[in-house]
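Inspection log for the structure reproduced underneath, given as structure tokens.
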Amino acid sequence: MDVTIEKKLQDLWKLQQIDSKLDNVHALMGELPMEVADLEDEIVGLQTRVDHIAVEVKSVEDEISAKKNAIKDFNKLIEKYDDQLNNIKNSREFEAITKEKEIAGLEILGAEKKIRELGKMLEAKAEIQTKTKEDLESRKKDLEFKKTELTEIEKENEEEMNKLRKESEKAMTALDKRLARAYSRIRKNMKNGVSVAPILRGSCGGCFSKIPPQRQSDIRAHFRIIDCEHCGRILVDQSVTGMEAQVEPKEPKTTRRKVRLTAKAE
Ligand SMILES: [Zn+2]
């Protein structure tokens, strides 16, 4: 058995584990600032809506008070006509004033009807206003919470990330230059950052393709470094990883939180 190859595989696996931890911390931090930014956008949108509704409400209220003033004016006019009718000179004058009084009465009825309509409109708008304000307040609370969380995670992880970066550098120097370059090249090309993958249930733990049995035993033999025929990741067996070989391969966890407070499409 080639001890050197085995040692190389162990060093590669060790480096991969450190880098995967780093990726997880990055993913964790990577989404929170985005979530905070999303919430901030949403709050701006809701605030604009609240302001807009307030303008609409004010305009309906103004219209209602204009109608009420008009009714007062018509009532004054009717009083004036009544005075005139008390001092009437002839029937022609009587008819003319009575007609004017009737028109004023109809104007009042029309204005009252309009006030009722506007009142209903105002009610509907007030309801939307209340709901939007509630949404706004709730988002503001969410934002406050997320911001606190982000600050905490940043603080919390700073130390951890610095530690992991140092460990990664150290593990990298344990590899020979050619291997270190290969590792970095593969890692850079893989979306999940996995350069060294375990064999899991006879499949590559990186791309989940089946590994032919002969190749599997070659990997286990540690005669040379063997990559996955499909994705090019370096493959390591259970004796290197210490992982249960029968574990079902799973998509690596790259993000912790998927829950979004907003209904926006991902
Ligand atoms: Zn693969």
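Every chain in the structure tokens takes a letter, A first, then B, and so on in the order presented; its residues are numbered from 1, and the ligands are numbered from 1 following the presented order.
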
Practice problem: List all protein, DNA and RNA residues that have any atom at most 7 Å from ligand 1, counting only C-alpha atoms and all ligand atoms, and write the list as a PyMOL selection string. | Solution: chain A and resi 204-209+228-233

Practice problem: Would you kindly return, as a list in words, each protein, DNA or RNA residue with an atom no farther than 9 Å from any atom of Glu107 (chain A), considering only C-alpha atoms and excluding same-chain residues fewer than 6 positions away? | Solution: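 Final neighbour list, sorted by chain and number: Ala70, Ile71 and Phe74 of chain A.
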
Selection from above, N, CA and C atoms, as a short mmCIF file (atom, residue, chain, number, x, y, z; two decimals), in the first residue's frame, can you write it?
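Result written to result_4.cif:
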data_model
loop_
_atom_site.label_atom_id
_atom_site.label_comp_id
_atom_site.auth_asym_id
_atom_site.auth_seq_id
_atom_site.Cartn_x
_atom_site.Cartn_y
_atom_site.Cartn_z
N ALA A 70 -71.32 73.30 0.52
CA ALA A 70 -72.30 73.60 -0.53
C ALA A 70 -73.72 73.48 0.02
N ILE A 71 -73.95 72.43 0.83
CA ILE A 71 -75.28 72.24 1.44
C ILE A 71 -75.63 73.42 2.33
N PHE A 74 -76.60 76.30 0.17
CA PHE A 74 -77.95 76.12 -0.40
C PHE A 74 -79.02 76.34 0.67
#

Exercise. Determine the nearest neighbour of Gln238 (chain A) from the options A:Lys191, A:Lys113, A:Arg220, A:Arg165, counting only C-alpha atoms.
Key: A:Arg220

Practice problem: Using DSSP on the backbone, list every residue of region 5-227 of chain A that comes out as alpha helix (DSSP H), and give them as a count of residues only. | Solution: 187

Write out as JSON lines the residues of region 82-195 of chain A that have any atom within 10 Å of an atom of region 11-28 of chain A, one row each with the nearest atom pair and its distance in Å to one decimal, counting only C-alpha atoms, sorted by chain and then rising number.
{"residue": "A:Leu150", "atom": "CA", "partner": "A:Leu28", "partner_atom": "CA", "distance": 9.6}
{"residue": "A:Ile153", "atom": "CA", "partner": "A:Leu28", "partner_atom": "CA", "distance": 8.5}
{"residue": "A:Glu154", "atom": "CA", "partner": "A:Val25", "partner_atom": "CA", "distance": 9.8}
{"residue": "A:Asn157", "atom": "CA", "partner": "A:Val25", "partner_atom": "CA", "distance": 7.3}
{"residue": "A:Glu158", "atom": "CA", "partner": "A:Val25", "partner_atom": "CA", "distance": 9.7}
{"residue": "A:Glu160", "atom": "CA", "partner": "A:Val25", "partner_atom": "CA", "distance": 8.6}
{"residue": "A:Met161", "atom": "CA", "partner": "A:Leu22", "partner_atom": "CA", "distance": 6.5}
{"residue": "A:Asn162", "atom": "CA", "partner": "A:Leu22", "partner_atom": "CA", "distance": 9.5}
{"residue": "A:Lys163", "atom": "CA", "partner": "A:Leu22", "partner_atom": "CA", "distance": 9.6}
{"residue": "A:Leu164", "atom": "CA", "partner": "A:Ile18", "partner_atom": "CA", "distance": 6.4}
{"residue": "A:Arg165", "atom": "CA", "partner": "A:Leu22", "partner_atom": "CA", "distance": 7.5}
{"residue": "A:Lys166", "atom": "CA", "partner": "A:Ile18", "partner_atom": "CA", "distance": 9.8}
{"residue": "A:Glu167", "atom": "CA", "partner": "A:Ile18", "partner_atom": "CA", "distance": 7.1}
{"residue": "A:Ser168", "atom": "CA", "partner": "A:Leu15", "partner_atom": "CA", "distance": 6.0}
{"residue": "A:Glu169", "atom": "CA", "partner": "A:Leu15", "partner_atom": "CA", "distance": 8.7}
{"residue": "A:Lys170", "atom": "CA", "partner": "A:Leu15", "partner_atom": "CA", "distance": 8.8}
{"residue": "A:Ala171", "atom": "CA", "partner": "A:Leu15", "partner_atom": "CA", "distance": 5.4}
{"residue": "A:Met172", "atom": "CA", "partner": "A:Leu15", "partner_atom": "CA", "distance": 6.6}
{"residue": "A:Thr173", "atom": "CA", "partner": "A:Asp11", "partner_atom": "CA", "distance": 9.8}
{"residue": "A:Ala174", "atom": "CA", "partner": "A:Asp11", "partner_atom": "CA", "distance": 7.0}
{"residue": "A:Leu175", "atom": "CA", "partner": "A:Asp11", "partner_atom": "CA", "distance": 6.9}
{"residue": "A:Leu179", "atom": "CA", "partner": "A:Leu12", "partner_atom": "CA", "distance": 8.6}
{"residue": "A:Ala180", "atom": "CA", "partner": "A:Leu12", "partner_atom": "CA", "distance": 8.5}
{"residue": "A:Tyr183", "atom": "CA", "partner": "A:Leu12", "partner_atom": "CA", "distance": 7.8}
{"residue": "A:Arg187", "atom": "CA", "partner": "A:Gln16", "partner_atom": "CA", "distance": 8.9}
{"residue": "A:Asn192", "atom": "CA", "partner": "A:Asp23", "partner_atom": "CA", "distance": 8.3}
{"residue": "A:Gly193", "atom": "CA", "partner": "A:Ser20", "partner_atom": "CA", "distance": 7.1}
{"residue": "A:Val194", "atom": "CA", "partner": "A:Gln16", "partner_atom": "CA", "distance": 7.0}
{"residue": "A:Ser195", "atom": "CA", "partner": "A:Gln16", "partner_atom": "CA", "distance": 6.8}

Quiz item: In terms of the shortest atom-to-atom distance over only C-alpha atoms, which of A:Lys188, A:Ala197, A:Ala111, A:Ser217 is closest to Leu9 (chain A)?
Solution: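 Residue with the minimum atom-to-atom distance to Leu9 (chain A): A:Ala197.
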
Exercise. From region 30-249 of chain A, collect each residue whose DSSP state is strand (DSSP E) and return the set as a list in words.
Key: Val196, Ala197, Pro198, Ile199, Leu200, Ser203, Cys204, Ile234, Leu235 and Val236 of chain A

Would you mind exporting all heavy atoms of the selected residues as a PDB file, in the first residue's frame?
ATOM      1  N   VAL A 196     -12.999  17.584  -3.333  1.00  0.00           N
ATOM      2  CA  VAL A 196     -12.719  16.199  -2.916  1.00  0.00           C
ATOM      3  C   VAL A 196     -14.031  15.593  -2.412  1.00  0.00           C
ATOM      4  O   VAL A 196     -14.624  16.098  -1.457  1.00  0.00           O
ATOM      5  CB  VAL A 196     -11.660  16.162  -1.790  1.00  0.00           C
ATOM      6  CG1 VAL A 196     -11.339  14.722  -1.407  1.00  0.00           C
ATOM      7  CG2 VAL A 196     -10.391  16.887  -2.227  1.00  0.00           C
ATOM      8  N   ALA A 197     -14.475  14.536  -3.086  1.00  0.00           N
ATOM      9  CA  ALA A 197     -15.777  13.971  -2.746  1.00  0.00           C
ATOM     10  C   ALA A 197     -15.640  12.542  -2.235  1.00  0.00           C
ATOM     11  O   ALA A 197     -14.803  11.783  -2.720  1.00  0.00           O
ATOM     12  CB  ALA A 197     -16.685  14.001  -3.976  1.00  0.00           C
ATOM     13  N   PRO A 198     -16.460  12.192  -1.250  1.00  0.00           N
ATOM     14  CA  PRO A 198     -16.435  10.809  -0.761  1.00  0.00           C
ATOM     15  C   PRO A 198     -17.249   9.885  -1.680  1.00  0.00           C
ATOM     16  O   PRO A 198     -18.114  10.360  -2.405  1.00  0.00           O
ATOM     17  CB  PRO A 198     -17.112  10.915   0.601  1.00  0.00           C
ATOM     18  CG  PRO A 198     -18.038  12.078   0.470  1.00  0.00           C
ATOM     19  CD  PRO A 198     -17.422  13.026  -0.513  1.00  0.00           C
ATOM     20  N   ILE A 199     -16.929   8.600  -1.603  1.00  0.00           N
ATOM     21  CA  ILE A 199     -17.786   7.622  -2.292  1.00  0.00           C
ATOM     22  C   ILE A 199     -18.963   7.356  -1.360  1.00  0.00           C
ATOM     23  O   ILE A 199     -18.768   6.982  -0.201  1.00  0.00           O
ATOM     24  CB  ILE A 199     -17.058   6.279  -2.539  1.00  0.00           C
ATOM     25  CG1 ILE A 199     -15.741   6.503  -3.295  1.00  0.00           C
ATOM     26  CG2 ILE A 199     -17.956   5.321  -3.301  1.00  0.00           C
ATOM     27  CD1 ILE A 199     -14.908   5.222  -3.433  1.00  0.00           C
ATOM     28  N   LEU A 200     -20.152   7.563  -1.863  1.00  0.00           N
ATOM     29  CA  LEU A 200     -21.341   7.303  -1.052  1.00  0.00           C
ATOM     30  C   LEU A 200     -22.274   6.372  -1.814  1.00  0.00           C
ATOM     31  O   LEU A 200     -22.726   6.710  -2.906  1.00  0.00           O
ATOM     32  CB  LEU A 200     -22.062   8.619  -0.726  1.00  0.00           C
ATOM     33  CG  LEU A 200     -21.299   9.649   0.120  1.00  0.00           C
ATOM     34  CD1 LEU A 200     -22.063  10.945   0.195  1.00  0.00           C
ATOM     35  CD2 LEU A 200     -21.018   9.103   1.522  1.00  0.00           C
ATOM     36  N   SER A 203     -21.571   5.908  -5.326  1.00  0.00           N
ATOM     37  CA  SER A 203     -21.679   7.077  -6.199  1.00  0.00           C
ATOM     38  C   SER A 203     -20.709   8.160  -5.761  1.00  0.00           C
ATOM     39  O   SER A 203     -20.270   8.191  -4.614  1.00  0.00           O
ATOM     40  CB  SER A 203     -23.095   7.641  -6.152  1.00  0.00           C
ATOM     41  OG  SER A 203     -24.010   6.702  -6.654  1.00  0.00           O
ATOM     42  N   CYS A 204     -20.425   9.064  -6.690  1.00  0.00           N
ATOM     43  CA  CYS A 204     -19.595  10.223  -6.375  1.00  0.00           C
ATOM     44  C   CYS A 204     -20.398  11.155  -5.467  1.00  0.00           C
ATOM     45  O   CYS A 204     -21.524  11.517  -5.787  1.00  0.00           O
ATOM     46  CB  CYS A 204     -19.218  10.926  -7.675  1.00  0.00           C
ATOM     47  SG  CYS A 204     -18.612  12.611  -7.457  1.00  0.00           S
ATOM     48  N   ILE A 234     -11.867  14.845  -7.077  1.00  0.00           N
ATOM     49  CA  ILE A 234     -11.005  13.799  -6.528  1.00  0.00           C
ATOM     50  C   ILE A 234     -11.872  12.940  -5.592  1.00  0.00           C
ATOM     51  O   ILE A 234     -12.622  13.484  -4.769  1.00  0.00           O
ATOM     52  CB  ILE A 234      -9.823  14.422  -5.756  1.00  0.00           C
ATOM     53  CG1 ILE A 234      -8.956  15.256  -6.709  1.00  0.00           C
ATOM     54  CG2 ILE A 234      -8.999  13.342  -5.042  1.00  0.00           C
ATOM     55  CD1 ILE A 234      -8.043  16.255  -6.023  1.00  0.00           C
ATOM     56  N   LEU A 235     -11.755  11.621  -5.754  1.00  0.00           N
ATOM     57  CA  LEU A 235     -12.610  10.732  -4.956  1.00  0.00           C
ATOM     58  C   LEU A 235     -11.817  10.093  -3.818  1.00  0.00           C
ATOM     59  O   LEU A 235     -10.668   9.707  -3.999  1.00  0.00           O
ATOM     60  CB  LEU A 235     -13.215   9.653  -5.852  1.00  0.00           C
ATOM     61  CG  LEU A 235     -14.294  10.171  -6.829  1.00  0.00           C
ATOM     62  CD1 LEU A 235     -14.589   9.132  -7.907  1.00  0.00           C
ATOM     63  CD2 LEU A 235     -15.570  10.549  -6.080  1.00  0.00           C
ATOM     64  N   VAL A 236     -12.471  10.048  -2.655  1.00  0.00           N
ATOM     65  CA  VAL A 236     -11.845   9.401  -1.497  1.00  0.00           C
ATOM     66  C   VAL A 236     -12.806   8.364  -0.914  1.00  0.00           C
ATOM     67  O   VAL A 236     -14.021   8.541  -0.963  1.00  0.00           O
ATOM     68  CB  VAL A 236     -11.440  10.420  -0.399  1.00  0.00           C
ATOM     69  CG1 VAL A 236     -10.209  11.208  -0.833  1.00  0.00           C
ATOM     70  CG2 VAL A 236     -12.577  11.382  -0.093  1.00  0.00           C
TER      71      VAL A 236
END

Self-check item: Distance of CA of Val50 (chain A) from CA of Gln129 (chain A), expressed in Å to one decimal place
Solution: 6.4 Å

List as a PDB file with N, CA, C and O atoms, in the first residue's frame the protein and nucleic acid residues near Ala221 (chain A), meaning an atom at most 12 Å away when only C-alpha atoms are counted, but skip any in the same chain fewer than 5 places from it.
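Result written to out08.pdb:
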ATOM      1  N   MET A   1       0.832  -1.196   0.000  1.00  0.00           N
ATOM      2  CA  MET A   1       0.000   0.000   0.000  1.00  0.00           C
ATOM      3  C   MET A   1       0.872   1.253   0.000  1.00  0.00           C
ATOM      4  O   MET A   1       1.853   1.352   0.737  1.00  0.00           O
ATOM      5  N   ASP A   2       0.507   2.166  -0.885  1.00  0.00           N
ATOM      6  CA  ASP A   2       1.279   3.405  -0.993  1.00  0.00           C
ATOM      7  C   ASP A   2       0.858   4.389   0.089  1.00  0.00           C
ATOM      8  O   ASP A   2      -0.177   5.021   0.027  1.00  0.00           O
ATOM      9  N   VAL A   3       1.677   4.497   1.105  1.00  0.00           N
ATOM     10  CA  VAL A   3       1.370   5.363   2.253  1.00  0.00           C
ATOM     11  C   VAL A   3       1.292   6.827   1.822  1.00  0.00           C
ATOM     12  O   VAL A   3       0.454   7.589   2.263  1.00  0.00           O
ATOM     13  N   ILE A   5       0.370   8.145  -0.997  1.00  0.00           N
ATOM     14  CA  ILE A   5      -0.917   8.473  -1.627  1.00  0.00           C
ATOM     15  C   ILE A   5      -2.007   8.582  -0.564  1.00  0.00           C
ATOM     16  O   ILE A   5      -2.816   9.500  -0.574  1.00  0.00           O
ATOM     17  N   GLU A   6      -1.964   7.636   0.363  1.00  0.00           N
ATOM     18  CA  GLU A   6      -2.980   7.666   1.416  1.00  0.00           C
ATOM     19  C   GLU A   6      -2.894   8.969   2.215  1.00  0.00           C
ATOM     20  O   GLU A   6      -3.904   9.607   2.515  1.00  0.00           O
ATOM     21  N   LEU A   9      -4.280  11.802   0.205  1.00  0.00           N
ATOM     22  CA  LEU A   9      -5.755  11.779   0.179  1.00  0.00           C
ATOM     23  C   LEU A   9      -6.317  12.297   1.496  1.00  0.00           C
ATOM     24  O   LEU A   9      -7.298  13.053   1.510  1.00  0.00           O
ATOM     25  N   GLN A 214     -14.903  -1.474 -10.452  1.00  0.00           N
ATOM     26  CA  GLN A 214     -13.443  -1.572 -10.587  1.00  0.00           C
ATOM     27  C   GLN A 214     -12.777  -0.265 -10.144  1.00  0.00           C
ATOM     28  O   GLN A 214     -11.782  -0.265  -9.434  1.00  0.00           O
ATOM     29  N   ARG A 215     -13.394   0.856 -10.554  1.00  0.00           N
ATOM     30  CA  ARG A 215     -12.850   2.178 -10.181  1.00  0.00           C
ATOM     31  C   ARG A 215     -12.947   2.363  -8.665  1.00  0.00           C
ATOM     32  O   ARG A 215     -12.045   2.914  -8.049  1.00  0.00           O
ATOM     33  N   GLN A 216     -14.040   1.879  -8.102  1.00  0.00           N
ATOM     34  CA  GLN A 216     -14.193   1.975  -6.642  1.00  0.00           C
ATOM     35  C   GLN A 216     -13.079   1.238  -5.917  1.00  0.00           C
ATOM     36  O   GLN A 216     -12.513   1.751  -4.949  1.00  0.00           O
ATOM     37  N   ILE A 226      -7.465   9.288  -7.828  1.00  0.00           N
ATOM     38  CA  ILE A 226      -8.439   9.023  -8.894  1.00  0.00           C
ATOM     39  C   ILE A 226      -9.577  10.035  -8.822  1.00  0.00           C
ATOM     40  O   ILE A 226     -10.081  10.339  -7.737  1.00  0.00           O
ATOM     41  N   LEU A 235     -11.755  11.621  -5.754  1.00  0.00           N
ATOM     42  CA  LEU A 235     -12.610  10.732  -4.956  1.00  0.00           C
ATOM     43  C   LEU A 235     -11.817  10.093  -3.818  1.00  0.00           C
ATOM     44  O   LEU A 235     -10.668   9.707  -3.999  1.00  0.00           O
ATOM     45  N   VAL A 236     -12.471  10.048  -2.655  1.00  0.00           N
ATOM     46  CA  VAL A 236     -11.845   9.401  -1.497  1.00  0.00           C
ATOM     47  C   VAL A 236     -12.806   8.364  -0.914  1.00  0.00           C
ATOM     48  O   VAL A 236     -14.021   8.541  -0.963  1.00  0.00           O
ATOM     49  N   ASP A 237     -12.241   7.297  -0.369  1.00  0.00           N
ATOM     50  CA  ASP A 237     -13.080   6.215   0.152  1.00  0.00           C
ATOM     51  C   ASP A 237     -13.266   6.369   1.658  1.00  0.00           C
ATOM     52  O   ASP A 237     -12.707   7.270   2.285  1.00  0.00           O
ATOM     53  N   GLN A 238     -14.014   5.438   2.191  1.00  0.00           N
ATOM     54  CA  GLN A 238     -14.411   5.497   3.597  1.00  0.00           C
ATOM     55  C   GLN A 238     -13.231   5.494   4.569  1.00  0.00           C
ATOM     56  O   GLN A 238     -13.289   6.127   5.620  1.00  0.00           O
ATOM     57  N   SER A 239     -12.155   4.775   4.181  1.00  0.00           N
ATOM     58  CA  SER A 239     -11.016   4.692   5.110  1.00  0.00           C
ATOM     59  C   SER A 239     -10.351   6.060   5.269  1.00  0.00           C
ATOM     60  O   SER A 239      -9.686   6.326   6.265  1.00  0.00           O
ATOM     61  N   VAL A 240     -10.547   6.928   4.292  1.00  0.00           N
ATOM     62  CA  VAL A 240     -10.004   8.285   4.375  1.00  0.00           C
ATOM     63  C   VAL A 240     -10.987   9.216   5.097  1.00  0.00           C
ATOM     64  O   VAL A 240     -10.609   9.998   5.965  1.00  0.00           O
TER      65      VAL A 240
END

Quiz item: Do you know which residues are at most 12 Å from region 78-92 of chain A counting only C-alpha atoms, after dropping those on the same chain fewer than 5 positions away, and could you put them as a PyMOL selection string?
Solution: chain A and resi 71-73+97-108

Quiz item: Could you state the separation of CA of Glu63 (chain A) and CA of Gly119 (chain A) in Å, given to one decimal place?
Solution: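 Here the two named atoms are 10.2 Å from each other.
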